[in-house]
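Enquirer: Structure: start.txt, compact mmCIF, C-alpha atoms.
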# COMPACT_ATOMS: atom_id res chain seq x y z
CA MET A 1 -235.39 -15.14 142.31
CA THR A 2 -238.45 -13.25 141.09
CA THR A 3 -238.90 -12.17 137.50
CA LYS A 4 -238.51 -8.53 138.65
CA GLU A 5 -235.04 -9.22 140.10
CA ARG A 6 -233.84 -11.16 137.08
CA THR A 7 -231.61 -9.44 134.56
CA LEU A 8 -230.78 -12.43 132.35
CA SER A 9 -232.89 -13.27 129.32
CA LEU A 10 -235.91 -15.41 130.11
CA PHE A 11 -238.05 -17.57 127.84
CA SER A 12 -241.45 -19.01 128.78
CA GLU A 13 -240.96 -21.93 126.40
CA PRO A 14 -237.20 -22.37 126.08
CA PRO A 15 -235.92 -25.18 123.82
CA VAL A 16 -233.67 -26.56 126.57
CA VAL A 17 -233.96 -30.32 127.06
CA GLU A 18 -231.03 -31.00 129.39
CA THR A 19 -228.76 -29.21 131.83
CA VAL A 20 -225.55 -30.40 133.48
CA LEU A 21 -223.83 -28.86 136.47
CA GLY A 22 -220.52 -30.43 137.38
CA VAL A 23 -217.09 -30.22 138.89
CA GLN A 24 -213.77 -31.89 138.15
CA PHE A 25 -211.15 -32.50 140.79
CA VAL A 26 -207.77 -34.05 141.43
CA PRO A 27 -208.26 -37.86 141.45
CA LEU A 28 -209.39 -38.94 144.88
CA LYS A 29 -206.89 -40.99 146.83
CA GLY A 30 -208.44 -44.08 148.32
CA PHE A 31 -211.61 -43.95 146.21
CA GLY A 32 -212.22 -47.54 145.15
CA LEU A 33 -214.82 -49.75 143.55
CA GLN A 34 -216.62 -50.27 146.85
CA HIS A 35 -217.38 -46.56 147.13
CA PHE A 36 -219.72 -46.60 144.14
CA GLY A 37 -221.96 -49.03 146.00
CA LEU A 38 -221.50 -47.42 149.41
CA PHE A 39 -222.51 -44.02 148.03
CA TRP A 40 -225.52 -45.62 146.37
CA SER A 41 -226.75 -46.74 149.80
CA LYS A 42 -226.84 -43.03 150.75
CA VAL A 43 -228.96 -41.95 147.77
CA ARG A 44 -230.73 -45.12 146.71
CA GLU A 45 -234.17 -44.04 147.95
CA GLU A 46 -234.14 -41.09 145.56
CA TYR A 47 -231.89 -42.67 142.90
CA PRO A 48 -232.92 -46.33 142.75
CA LYS A 49 -230.99 -47.22 139.60
CA LEU A 50 -227.20 -47.52 139.34
CA VAL A 51 -225.57 -48.05 135.96
CA SER A 52 -221.85 -48.36 135.23
CA GLN A 53 -220.42 -46.27 132.43
CA PRO A 54 -216.95 -45.69 131.02
CA SER A 55 -215.24 -42.76 132.70
CA LEU A 56 -215.02 -39.38 131.04
CA PRO A 57 -211.72 -37.85 130.06
CA ARG A 58 -210.52 -34.87 132.05
CA VAL A 59 -211.14 -31.61 130.22
CA ILE A 60 -209.21 -28.57 131.42
CA GLU A 61 -209.51 -25.07 130.02
CA SER A 62 -205.95 -23.88 129.58
CA PHE A 63 -204.85 -20.30 128.96
CA GLU A 64 -201.12 -20.86 129.10
CA GLU A 65 -200.52 -21.68 125.46
CA LYS A 66 -201.31 -19.09 122.86
CA PHE A 67 -203.45 -19.96 119.84
CA VAL A 68 -204.76 -23.14 121.40
CA PRO A 69 -208.40 -22.41 122.19
CA LYS A 70 -209.47 -26.02 122.39
CA PRO A 71 -209.77 -27.66 125.81
CA GLU A 72 -207.17 -30.21 126.68
CA ILE A 73 -208.25 -33.71 127.40
CA THR A 74 -206.00 -35.55 129.78
CA VAL A 75 -206.09 -39.27 130.15
CA SER A 76 -204.73 -40.50 133.41
CA LEU A 77 -202.28 -43.34 133.20
CA SER A 78 -202.12 -43.81 136.93
CA GLU A 79 -205.73 -44.08 138.04
CA LYS A 80 -206.67 -47.10 140.07
CA LEU A 81 -210.12 -47.11 138.48
CA PRO A 82 -209.54 -46.62 134.79
CA GLY A 83 -212.76 -46.27 132.91
CA LEU A 84 -215.34 -46.49 135.69
CA ARG A 85 -218.16 -44.01 136.26
CA GLY A 86 -221.35 -44.48 138.24
CA TRP A 87 -224.72 -43.27 136.98
CA TYR A 88 -227.34 -42.87 139.70
CA LEU A 89 -230.77 -42.31 138.17
CA ASN A 90 -234.04 -41.27 139.79
CA GLU A 91 -237.25 -43.14 139.05
CA PRO A 92 -238.70 -41.07 136.19
CA GLU A 93 -235.11 -40.74 134.88
CA THR A 94 -235.25 -36.97 134.87
CA ARG A 95 -232.32 -36.58 137.26
CA LEU A 96 -228.88 -38.17 137.14
CA ILE A 97 -225.85 -38.05 139.42
CA GLN A 98 -222.59 -39.05 137.72
CA ILE A 99 -219.54 -39.92 139.78
CA GLN A 100 -216.02 -41.00 138.93
CA ASN A 101 -212.86 -40.54 140.92
CA ASP A 102 -212.19 -37.10 139.45
CA ARG A 103 -215.69 -35.85 138.53
CA PHE A 104 -219.12 -35.16 139.96
CA LEU A 105 -221.98 -34.20 137.63
CA TYR A 106 -225.65 -33.52 138.11
CA ASN A 107 -228.01 -33.72 135.10
CA TRP A 108 -231.62 -32.76 134.54
CA LYS A 109 -233.37 -33.74 131.32
CA LYS A 110 -236.78 -33.88 129.72
CA VAL A 111 -238.14 -37.36 129.20
CA LYS A 112 -241.59 -36.96 127.67
CA GLY A 113 -240.80 -33.69 125.97
CA ASN A 114 -243.64 -31.66 127.44
CA GLU A 115 -242.13 -31.06 130.87
CA THR A 116 -241.43 -27.51 131.97
CA TYR A 117 -237.78 -26.56 132.38
CA PRO A 118 -237.41 -26.25 136.17
CA GLN A 119 -235.03 -23.25 135.87
CA PHE A 120 -231.45 -22.87 137.04
CA ASP A 121 -232.58 -21.54 140.43
CA THR A 122 -234.16 -24.90 141.13
CA ILE A 123 -231.45 -27.11 139.71
CA GLN A 124 -228.50 -25.41 141.37
CA PRO A 125 -229.70 -26.10 144.94
CA GLU A 126 -230.25 -29.71 143.92
CA PHE A 127 -226.64 -29.91 142.76
CA LYS A 128 -225.50 -28.31 146.01
CA ALA A 129 -227.46 -30.78 148.16
CA ASN A 130 -226.11 -33.80 146.28
CA TRP A 131 -222.54 -32.48 146.15
CA GLU A 132 -222.58 -31.87 149.91
CA LYS A 133 -223.96 -35.35 150.42
CA PHE A 134 -221.08 -36.73 148.33
CA CYS A 135 -218.48 -34.68 150.23
CA LYS A 136 -219.86 -35.83 153.59
CA PHE A 137 -219.73 -39.39 152.31
CA LEU A 138 -216.07 -38.93 151.39
CA THR A 139 -215.33 -37.52 154.83
CA ASP A 140 -217.06 -40.47 156.49
CA GLU A 141 -214.88 -42.76 154.38
CA ASP A 142 -211.69 -40.90 155.39
CA ILE A 143 -211.19 -39.54 151.90
CA ASP A 144 -209.98 -35.96 151.58
CA HIS A 145 -212.28 -33.19 150.39
CA PRO A 146 -211.96 -32.93 146.58
CA GLU A 147 -209.47 -30.38 145.30
CA LEU A 148 -211.43 -28.76 142.48
CA THR A 149 -209.88 -28.01 139.12
CA GLN A 150 -212.87 -27.09 136.92
CA CYS A 151 -216.54 -26.19 137.08
CA GLU A 152 -218.87 -26.87 134.17
CA VAL A 153 -222.35 -25.81 133.12
CA THR A 154 -223.90 -27.37 130.00
CA TYR A 155 -227.27 -26.72 128.35
CA VAL A 156 -228.62 -28.85 125.49
CA ASN A 157 -231.30 -27.28 123.29
CA HIS A 158 -233.44 -28.89 120.59
CA ILE A 159 -234.55 -26.52 117.86
CA ASP A 160 -237.27 -28.41 116.00
CA ILE A 161 -237.61 -28.17 112.26
CA GLY A 162 -240.95 -26.65 111.34
CA LYS A 163 -240.98 -24.28 114.28
CA GLY A 164 -239.65 -21.05 112.83
CA TRP A 165 -237.45 -22.66 110.17
CA ASN A 166 -237.96 -25.38 107.58
CA SER A 167 -234.58 -26.16 106.00
CA PHE A 168 -230.89 -25.44 106.36
CA GLY A 169 -231.40 -22.74 103.77
CA GLU A 170 -233.18 -20.90 106.56
CA PHE A 171 -230.31 -21.10 109.05
CA ASP A 172 -230.40 -17.30 109.16
CA LYS A 173 -233.86 -17.47 110.71
CA VAL A 174 -232.38 -19.32 113.68
CA PHE A 175 -228.83 -18.06 114.14
CA ALA A 176 -228.21 -14.33 114.25
CA PRO A 177 -224.59 -14.34 112.96
CA TRP A 178 -225.53 -16.33 109.82
CA SER A 179 -226.49 -14.04 106.97
CA GLY A 180 -227.74 -16.80 104.70
CA LYS A 181 -226.23 -15.00 101.70
CA PHE A 182 -223.34 -16.21 99.58
CA SER A 183 -221.12 -13.75 97.74
CA GLY A 184 -221.95 -15.49 94.46
CA ARG A 185 -224.75 -17.59 93.01
CA PHE A 186 -222.93 -20.89 92.53
CA LEU A 187 -223.80 -22.76 95.71
CA PRO A 188 -227.30 -24.17 96.23
CA THR A 189 -229.14 -24.35 99.53
CA PRO A 190 -227.04 -26.23 102.09
CA GLU A 191 -228.15 -29.77 102.72
CA LYS A 192 -226.86 -29.80 106.27
CA MET A 193 -224.91 -27.44 108.43
CA THR A 194 -222.92 -27.61 111.65
CA PHE A 195 -220.64 -25.33 113.62
CA ASN A 196 -218.44 -25.21 116.69
CA THR A 197 -217.28 -22.00 118.30
CA THR A 198 -215.59 -20.94 121.53
CA PHE A 199 -215.53 -17.69 123.47
CA VAL A 200 -213.12 -16.71 126.24
CA ILE A 201 -214.83 -15.58 129.42
CA PRO A 202 -212.95 -12.40 130.49
CA ASN A 203 -210.14 -12.54 133.04
CA LYS A 204 -209.44 -16.13 132.01
CA LYS A 205 -212.36 -17.34 134.04
CA GLY A 206 -213.06 -20.00 131.46
CA ARG A 207 -214.57 -20.58 128.04
CA LEU A 208 -217.97 -20.91 126.48
CA HIS A 209 -218.17 -23.64 123.84
CA ILE A 210 -221.11 -23.69 121.46
CA SER A 211 -221.89 -26.40 118.95
CA ALA A 212 -224.81 -26.85 116.59
CA MET A 213 -225.46 -29.99 114.61
CA PRO A 214 -228.33 -31.61 112.73
CA ALA A 215 -229.81 -34.56 114.56
CA ILE A 216 -232.81 -36.83 114.92
CA ARG A 217 -234.53 -37.04 118.27
CA ARG A 218 -234.94 -40.68 119.21
CA ASN A 219 -238.19 -40.54 121.11
CA ASP A 220 -240.24 -39.09 118.25
CA GLY A 221 -237.98 -39.19 115.18
CA LYS A 222 -238.19 -35.42 114.82
CA GLU A 223 -235.50 -33.59 112.85
CA ILE A 224 -233.78 -30.97 114.99
CA ILE A 225 -230.74 -28.80 115.35
CA LYS A 226 -229.05 -29.73 118.59
CA VAL A 227 -227.44 -26.68 120.13
CA GLU A 228 -225.13 -27.39 123.01
CA LEU A 229 -223.52 -24.73 125.17
CA THR A 230 -220.84 -25.57 127.73
CA ALA A 231 -219.20 -23.03 130.02
CA ARG A 232 -216.15 -24.37 131.81
CA GLY A 233 -213.47 -22.85 134.01
CA ARG A 234 -211.52 -22.97 137.24
CA PRO A 235 -213.21 -21.96 140.51
CA THR A 236 -211.26 -19.71 142.89
CA ASN A 237 -211.11 -22.45 145.52
CA SER A 238 -212.64 -25.81 146.40
CA ASN A 239 -215.47 -24.54 148.61
CA ILE A 240 -219.09 -24.88 147.58
CA SER A 241 -219.47 -21.09 147.62
CA ALA A 242 -216.79 -20.81 144.91
CA VAL A 243 -218.52 -23.52 142.88
CA LEU A 244 -221.89 -21.76 143.07
CA GLU A 245 -220.22 -18.45 142.21
CA TRP A 246 -218.68 -20.04 139.10
CA PHE A 247 -221.99 -21.65 138.16
CA GLN A 248 -223.58 -18.18 138.17
CA ILE A 249 -220.93 -17.02 135.71
CA GLY A 250 -221.36 -20.11 133.55
CA HIS A 251 -225.14 -19.81 133.61
CA GLU A 252 -224.98 -16.14 132.65
CA TRP A 253 -222.69 -16.91 129.71
CA ILE A 254 -224.92 -19.71 128.51
CA VAL A 255 -228.18 -17.78 128.76
CA GLN A 256 -226.86 -14.54 127.33
CA GLY A 257 -224.72 -16.40 124.79
CA PHE A 258 -227.72 -18.39 123.57
CA THR A 259 -229.79 -15.21 123.36
CA ASP A 260 -227.09 -13.43 121.35
CA LEU A 261 -226.62 -16.43 119.09
CA THR A 262 -230.27 -16.83 118.15
CA THR A 263 -232.62 -14.45 116.35
CA ASP A 264 -235.49 -12.30 117.59
CA HIS A 265 -237.68 -14.39 115.27
CA MET A 266 -236.91 -17.52 117.33
CA HIS A 267 -237.11 -15.62 120.63
CA LYS A 268 -240.75 -14.88 119.84
CA ILE A 269 -241.40 -18.58 119.25
CA TRP A 270 -239.76 -19.41 122.57
CA ARG A 271 -241.77 -16.57 124.15
CA ARG A 272 -239.01 -14.38 125.46
CA THR A 273 -240.19 -12.29 128.38
CA ILE A 274 -236.96 -10.55 129.46
CA MET B 275 -198.23 -30.97 131.75
CA GLU B 276 -199.01 -32.98 134.84
CA GLU B 277 -196.80 -35.94 135.41
CA ASN B 278 -198.38 -39.29 134.55
CA HIS B 279 -200.95 -37.64 132.33
CA MET B 280 -201.01 -37.69 128.59
CA ILE B 281 -202.44 -34.66 126.84
CA LEU B 282 -204.60 -35.42 123.85
CA ASP B 283 -205.28 -32.56 121.50
CA ALA B 284 -208.87 -33.38 120.67
CA PRO B 285 -212.21 -31.75 121.41
CA PRO B 286 -214.54 -33.44 123.88
CA GLN B 287 -216.99 -34.12 121.05
CA ALA B 288 -214.52 -36.69 119.79
CA TYR B 289 -215.68 -38.96 122.60
CA LEU B 290 -218.00 -41.44 121.02
CA THR B 291 -218.70 -45.06 121.12
CA THR B 292 -218.12 -48.07 119.02
CA PHE B 293 -220.34 -51.01 118.46
CA GLU B 294 -218.65 -52.80 121.32
CA GLU B 295 -219.42 -49.88 123.64
CA SER B 296 -223.04 -49.55 122.70
CA ASP B 297 -224.15 -49.10 126.31
CA CYS B 298 -223.05 -45.50 126.09
CA PHE B 299 -223.99 -44.92 122.48
CA TYR B 300 -226.51 -42.29 123.46
CA LEU B 301 -223.81 -40.05 124.85
CA SER B 302 -223.70 -37.92 121.76
CA GLY B 303 -221.99 -34.54 121.82
CA SER B 304 -220.59 -33.46 125.15
CA PRO B 305 -219.69 -36.61 127.05
CA SER B 306 -221.28 -35.36 130.25
CA THR B 307 -224.73 -35.06 128.69
CA TRP B 308 -227.45 -37.63 128.77
CA THR B 309 -229.87 -36.85 125.96
CA ASN B 310 -229.97 -39.27 123.10
CA GLU B 311 -230.15 -37.57 119.76
CA VAL B 312 -228.78 -39.22 116.64
CA SER B 313 -226.31 -36.91 114.99
CA VAL B 314 -226.95 -37.04 111.24
CA TYR B 315 -224.31 -34.65 109.93
CA ASP B 316 -222.08 -37.45 108.65
CA LEU B 317 -224.87 -39.72 107.44
CA ASP B 318 -226.23 -40.05 103.94
CA THR B 319 -229.91 -39.86 103.12
CA LYS B 320 -230.29 -43.64 102.92
CA GLN B 321 -228.86 -44.11 106.39
CA ILE B 322 -231.13 -41.37 107.71
CA GLN B 323 -234.16 -43.01 106.08
CA ALA B 324 -233.28 -46.35 107.67
CA ILE B 325 -232.86 -44.68 111.06
CA TYR B 326 -236.31 -43.09 110.71
CA GLU B 327 -237.70 -46.56 110.03
CA VAL B 328 -236.01 -47.90 113.18
CA ILE B 329 -237.26 -45.05 115.37
CA ARG B 330 -240.78 -45.56 114.01
CA LEU B 331 -240.71 -49.07 115.53
CA ARG B 332 -240.67 -47.54 119.02
CA GLU B 333 -244.42 -47.16 118.62
CA LEU B 334 -245.01 -50.92 118.59
CA GLU B 335 -246.90 -52.03 121.66
CA GLU B 336 -247.16 -55.39 123.38
CA ASN B 337 -248.83 -57.93 121.08
CA TRP B 338 -248.29 -55.67 118.06
CA ASP B 339 -248.64 -58.61 115.68
CA SER B 340 -251.55 -60.23 117.56
CA TYR B 341 -249.23 -63.19 118.27
CA GLY B 342 -248.04 -61.90 121.62
CA SER B 343 -244.78 -60.35 120.40
CA PRO B 344 -243.10 -57.92 122.79
CA PRO B 345 -242.44 -54.23 122.13
CA LEU B 346 -238.88 -53.34 121.21
CA LYS B 347 -236.39 -52.46 123.91
CA VAL B 348 -234.70 -49.07 123.78
CA GLU B 349 -231.37 -50.92 123.78
CA THR B 350 -232.36 -52.85 120.67
CA ILE B 351 -233.33 -49.65 118.90
CA ASN B 352 -230.11 -47.92 119.96
CA LYS B 353 -227.99 -50.82 118.80
CA SER B 354 -229.84 -50.93 115.48
CA ILE B 355 -229.16 -47.21 114.97
CA ALA B 356 -225.50 -47.79 115.82
CA LEU B 357 -225.44 -50.56 113.24
CA ILE B 358 -226.99 -48.41 110.52
CA LYS B 359 -224.51 -45.61 111.21
CA ASN B 360 -221.77 -48.09 110.36
CA VAL B 361 -223.31 -49.39 107.16
CA PRO B 362 -222.07 -47.45 104.13
CA MET B 363 -224.99 -47.43 101.72
CA GLU B 364 -223.62 -45.66 98.68
CA ASP B 365 -223.99 -48.80 96.55
CA LEU B 366 -226.89 -50.33 98.43
CA PRO B 367 -230.61 -49.69 98.56
CA VAL B 368 -232.24 -48.73 101.84
CA PRO B 369 -232.86 -52.02 103.65
CA HIS B 370 -236.28 -53.23 104.63
CA VAL B 371 -236.52 -52.67 108.38
CA ILE B 372 -238.65 -55.35 110.00
CA PRO B 373 -239.46 -56.05 113.65
CA THR B 374 -239.11 -59.70 114.59
CA ALA B 375 -241.54 -61.66 116.70
CA ASP B 376 -238.98 -62.13 119.49
CA GLY B 377 -238.22 -58.43 119.99
CA GLY B 378 -235.42 -57.93 117.48
CA ILE B 379 -234.99 -55.74 114.42
CA GLN B 380 -234.05 -57.21 111.06
CA PHE B 381 -232.51 -55.41 108.11
CA GLU B 382 -233.05 -57.05 104.74
CA TRP B 383 -231.40 -56.47 101.40
CA GLY B 384 -233.00 -58.55 98.66
CA GLY B 385 -231.71 -59.57 95.23
CA ILE B 386 -229.95 -62.54 93.72
CA ARG B 387 -227.58 -62.28 96.62
CA GLY B 388 -229.56 -61.33 99.70
CA LEU B 389 -228.50 -60.41 103.20
CA GLU B 390 -230.37 -60.27 106.50
CA ILE B 391 -228.86 -58.73 109.59
CA GLU B 392 -230.75 -59.00 112.84
CA VAL B 393 -230.21 -57.16 116.10
CA THR B 394 -231.72 -59.55 118.62
CA GLN B 395 -233.53 -58.59 121.79
CA ASN B 396 -230.52 -59.63 123.90
CA GLY B 397 -228.20 -57.39 121.91
CA GLU B 398 -226.51 -59.90 119.67
CA ILE B 399 -226.18 -59.28 115.95
CA GLU B 400 -226.63 -62.16 113.54
CA TYR B 401 -226.57 -62.40 109.79
CA LEU B 402 -227.84 -64.69 107.06
CA LYS B 403 -226.53 -64.69 103.50
CA CYS B 404 -228.84 -65.98 100.78
CA GLU B 405 -228.35 -66.76 97.11
CA ASN B 406 -231.33 -67.18 94.80
CA GLY B 407 -233.50 -67.28 97.89
CA GLU B 408 -231.55 -70.13 99.51
CA PRO B 409 -229.56 -69.62 102.73
CA VAL B 410 -225.82 -70.12 102.22
CA GLU B 411 -224.22 -68.84 105.41
CA GLU B 412 -225.27 -67.63 108.84
CA SER B 413 -223.28 -66.49 111.85
CA SER B 414 -222.95 -63.67 114.35
CA ILE B 415 -221.25 -60.29 113.99
CA GLU B 416 -218.84 -59.31 116.73
CA ARG B 417 -217.34 -56.18 115.22
CA PHE B 418 -218.41 -53.51 112.78
CA THR B 419 -215.33 -54.28 110.72
CA GLN B 420 -217.06 -57.49 109.65
CA LEU B 421 -219.78 -55.49 107.92
CA ASP B 422 -217.66 -54.50 104.93
CA SER B 423 -217.23 -58.02 103.61
CA LEU B 424 -220.85 -58.86 104.35
CA LEU B 425 -222.15 -55.87 102.46
CA ARG B 426 -219.96 -56.68 99.46
CA TRP B 427 -221.96 -59.88 99.19
CA VAL B 428 -225.15 -57.99 98.47
CA SER B 429 -225.96 -57.34 94.83
CA PRO B 430 -225.41 -53.70 93.95
CA VAL B 431 -228.39 -51.58 92.96
Would you put the structure from the file into structure tokens?
Expert:
Amino acid sequence: MTTKERTLSLFSEPPVVETVLGVQFVPLKGFGLQHFGLFWSKVREEYPKLVSQPSLPRVIESFEEKFVPKPEITVSLSEKLPGLRGWYLNEPETRLIQIQNDRFLYNWKKVKGNETYPQFDTIQPEFKANWEKFCKFLTDEDIDHPELTQCEVTYVNHIDIGKGWNSFGEFDKVFAPWSGKFSGRFLPTPEKMTFNTTFVIPNKKGRLHISAMPAIRRNDGKEIIKVELTARGRPTNSNISAVLEWFQIGHEWIVQGFTDLTTDHMHKIWRRTI
Amino acid sequence: MEENHMILDAPPQAYLTTFEESDCFYLSGSPSTWTNEVSVYDLDTKQIQAIYEVIRLRELEENWDSYGSPPLKVETINKSIALIKNVPMEDLPVPHVIPTADGGIQFEWGGIRGLEIEVTQNGEIEYLKCENGEPVEESSIERFTQLDSLLRWVSPV
């Protein structure tokens, strides 16, 4: 997509350090321990490292119960592979495929810190190629095509202290909804601050979850606010076209949500162009 | 609710690791993410200072002490950070954070009753209690729950 065709906000130097595109599905019947290794043989040239991890809980956005905006986490009691997830990492460890018997995730992340964000339009086709490779693998192993239950898009941003803000007393310089003013004069400058918020994507297509928390980056010890945005919801069917369609929705909500959440002051620092 | 599935009313951020699950310690925040920040919201300033000291040790290169000592592994640093996050320091000074010649990280609290806790290069955690400068007990730490009694040994500030 060219810059002229793009309608979403665009930053030349966005603070994004990681993206995740993923799907959840009904636990695969017949998917066993051997399949982690067999799938590795299909991707090992590009992803030479395989690491075992504990499995992730299922997270489903539910709209059936009123006043319960939090996602539900379900823990299967009947899985044959409790707790097993495969991490397939590429050589510079900038790309990661995560597989368990009810999830498939594709991550991009910065390693050195000075890499350019490759943009959603680059990452999404990479997800598609790897997902199709996984589905073909399942077919070859006589395992049914996954019945999808959720799609997920996550962006992790690092907002460095010293770049547009210097303390939590200047939260208002970063986050547009925060006024920075108390109604009285009793409280001093906050020492730390964190928040979690959710937004319903219209027509019950899903939710956008935003969290911000103070953190220290491990590779340089820099103090940051970590801002994580996750859009999650149910695709209309289990075809790749429905997944990509949902990813577009999730991406739009993350980009526009992040733009709405943050101030013009920070947009200038991140060099907003659209 | 789906049959055979238990619904837990908890946000995904609740997914975190314990000392025993340190391989996935860096999965902070959303469990599907991969970046490795240290969340400091629940930490006090002494813990944060100690974590800064640990992260600073990443800069050590091969032969950093001119005696051929290795640089620190990322796993050792991560485990050390996990340890510090589980050390309540209200009544303690910030420990001295010292790299060891065999690739570990040692935390030292001095005083009449002293304590050294070392995260070794192979991921084990060992401790040494001292009194008036003399060693009185040494062993390994298997669980964070052991830390409480160990830290009570150390002389308060």
Enquirer: Take the point (-228.2, -40.9, 137.2) in the file's coordinates, draw a sphere of radius 9 Å around it, and report as a PyMOL selection string every protein, DNA or RNA residue with an atom inside or on it, counting all atoms listed in the file.
Expert: chain A and resi 47+49-51+86-90+93-98+106-107
Enquirer: Taking 3 positions as the minimum chain separation for residues in the same chain, which residues sit within 12 Å of Glu398 of chain B when counting all atoms listed in the file? Answer as a list in words.
Expert: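 The contact residues come out as Phe293, Glu294, Ser296, Glu349, Thr350, Lys353, Ser354, Leu357, Gly377, Gly378, Ile379, Gln380, Ile391, Glu392, Val393, Thr394, Gln395, Tyr401, Ser413, Ser414, Ile415, Glu416 and Arg417 of chain B.
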Enquirer: Record the distance separating atom CA of Asp316 of chain B and atom CA of Arg426 of chain B, expressed in Å with one decimal.
Expert: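 A separation of 21.4 Å between them.
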Enquirer: Counting only C-alpha atoms, what is within 12 Å of Trp308 of chain B, bar same-chain residues fewer than 2 positions away, as a ChimeraX atom specification?
Expert: /A:17-20,53,87,89,93-98,105-111,154-156,228 /B:298-306,310-311
Enquirer: Could you dump the residues just selected with C-alpha atoms as a compact mmCIF listing (two decimals), in the frame of the given file?
Expert:
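Output saved as result-v3.txt:
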# COMPACT_ATOMS: atom_id res chain seq x y z
CA VAL A 17 -233.96 -30.32 127.06
CA GLU A 18 -231.03 -31.00 129.39
CA THR A 19 -228.76 -29.21 131.83
CA VAL A 20 -225.55 -30.40 133.48
CA GLN A 53 -220.42 -46.27 132.43
CA TRP A 87 -224.72 -43.27 136.98
CA LEU A 89 -230.77 -42.31 138.17
CA GLU A 93 -235.11 -40.74 134.88
CA THR A 94 -235.25 -36.97 134.87
CA ARG A 95 -232.32 -36.58 137.26
CA LEU A 96 -228.88 -38.17 137.14
CA ILE A 97 -225.85 -38.05 139.42
CA GLN A 98 -222.59 -39.05 137.72
CA LEU A 105 -221.98 -34.20 137.63
CA TYR A 106 -225.65 -33.52 138.11
CA ASN A 107 -228.01 -33.72 135.10
CA TRP A 108 -231.62 -32.76 134.54
CA LYS A 109 -233.37 -33.74 131.32
CA LYS A 110 -236.78 -33.88 129.72
CA VAL A 111 -238.14 -37.36 129.20
CA THR A 154 -223.90 -27.37 130.00
CA TYR A 155 -227.27 -26.72 128.35
CA VAL A 156 -228.62 -28.85 125.49
CA GLU A 228 -225.13 -27.39 123.01
CA CYS B 298 -223.05 -45.50 126.09
CA PHE B 299 -223.99 -44.92 122.48
CA TYR B 300 -226.51 -42.29 123.46
CA LEU B 301 -223.81 -40.05 124.85
CA SER B 302 -223.70 -37.92 121.76
CA GLY B 303 -221.99 -34.54 121.82
CA SER B 304 -220.59 -33.46 125.15
CA PRO B 305 -219.69 -36.61 127.05
CA SER B 306 -221.28 -35.36 130.25
CA ASN B 310 -229.97 -39.27 123.10
CA GLU B 311 -230.15 -37.57 119.76
Enquirer: Of the candidates A:Cys135, A:Leu84, A:Ile60, A:Val26, which one gets nearest to Phe39 of chain A if we count only C-alpha atoms?
Expert: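 Answer, going by the shortest atom-to-atom distance: A:Cys135.
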Enquirer: Report, in Å with one decimal, the straight-line distance from atom CA of Ile224 of chain A to atom CA of Lys192 of chain A.
Expert: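 So the answer is 11.2 Å.
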Enquirer: Looking at A:Leu229, A:Ile143, A:Val174, A:Ile161, which one is nearest to Leu28 of chain A, with distances taken over only C-alpha atoms?
Expert: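 Residue with the minimum atom-to-atom distance to Leu28 of chain A: A:Ile143.
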Enquirer: Report the distance between atom CA of Gly169 of chain A and atom CA of Lys181 of chain A in Å, rounded to one decimal place.
Expert: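 A separation of 9.5 Å between them.
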Enquirer: Using only C-alpha atoms, which residue out of A:Ile216, A:Val243, A:Cys151, A:Leu208 lies closest to chain B?
Expert: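 Distance minimum relative to chain B lands on A:Ile216.
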Enquirer: Got a sec: who's within 12 Å of Gly32 of chain A, counting only C-alpha atoms, leaving out chain neighbours fewer than 2 positions off, as a PyMOL selection string?
Expert: chain A and resi 27-30+34-39+79-82+84-86+99-102+138+141+143
Enquirer: If we count all atoms listed in the file and set the cut-off at 8 Å, which residues sit around Arg330 of chain B, ignoring sequence neighbours fewer than 3 positions away in its own chain? Please answer as a ChimeraX atom specification.
Expert: /A:220-221 /B:326-327,333
Enquirer: When you get a chance, write out N, CA, C and O atoms for segment 332-337 of chain B, as a short mmCIF file (atom, residue, chain, number, x, y, z; two decimals), keeping the file's coordinate frame.
Expert:
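Contents of result_32.cif, as written:
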data_model
loop_
_atom_site.label_atom_id
_atom_site.label_comp_id
_atom_site.auth_asym_id
_atom_site.auth_seq_id
_atom_site.Cartn_x
_atom_site.Cartn_y
_atom_site.Cartn_z
N ARG B 332 -240.46 -47.79 117.58
CA ARG B 332 -240.67 -47.54 119.02
C ARG B 332 -242.16 -47.56 119.36
O ARG B 332 -242.54 -47.78 120.51
N GLU B 333 -242.98 -47.27 118.35
CA GLU B 333 -244.42 -47.16 118.62
C GLU B 333 -245.10 -48.53 118.80
O GLU B 333 -246.23 -48.59 119.24
N LEU B 334 -244.39 -49.59 118.46
CA LEU B 334 -245.01 -50.92 118.59
C LEU B 334 -245.30 -51.23 120.06
O LEU B 334 -244.43 -51.09 120.92
N GLU B 335 -246.50 -51.68 120.30
CA GLU B 335 -246.90 -52.03 121.66
C GLU B 335 -246.90 -53.55 121.83
O GLU B 335 -246.78 -54.30 120.86
N GLU B 336 -247.05 -53.97 123.07
CA GLU B 336 -247.16 -55.39 123.38
C GLU B 336 -248.21 -56.04 122.46
O GLU B 336 -249.27 -55.46 122.25
N ASN B 337 -247.90 -57.19 121.94
CA ASN B 337 -248.83 -57.93 121.08
C ASN B 337 -249.12 -57.18 119.77
O ASN B 337 -250.22 -57.25 119.23
#
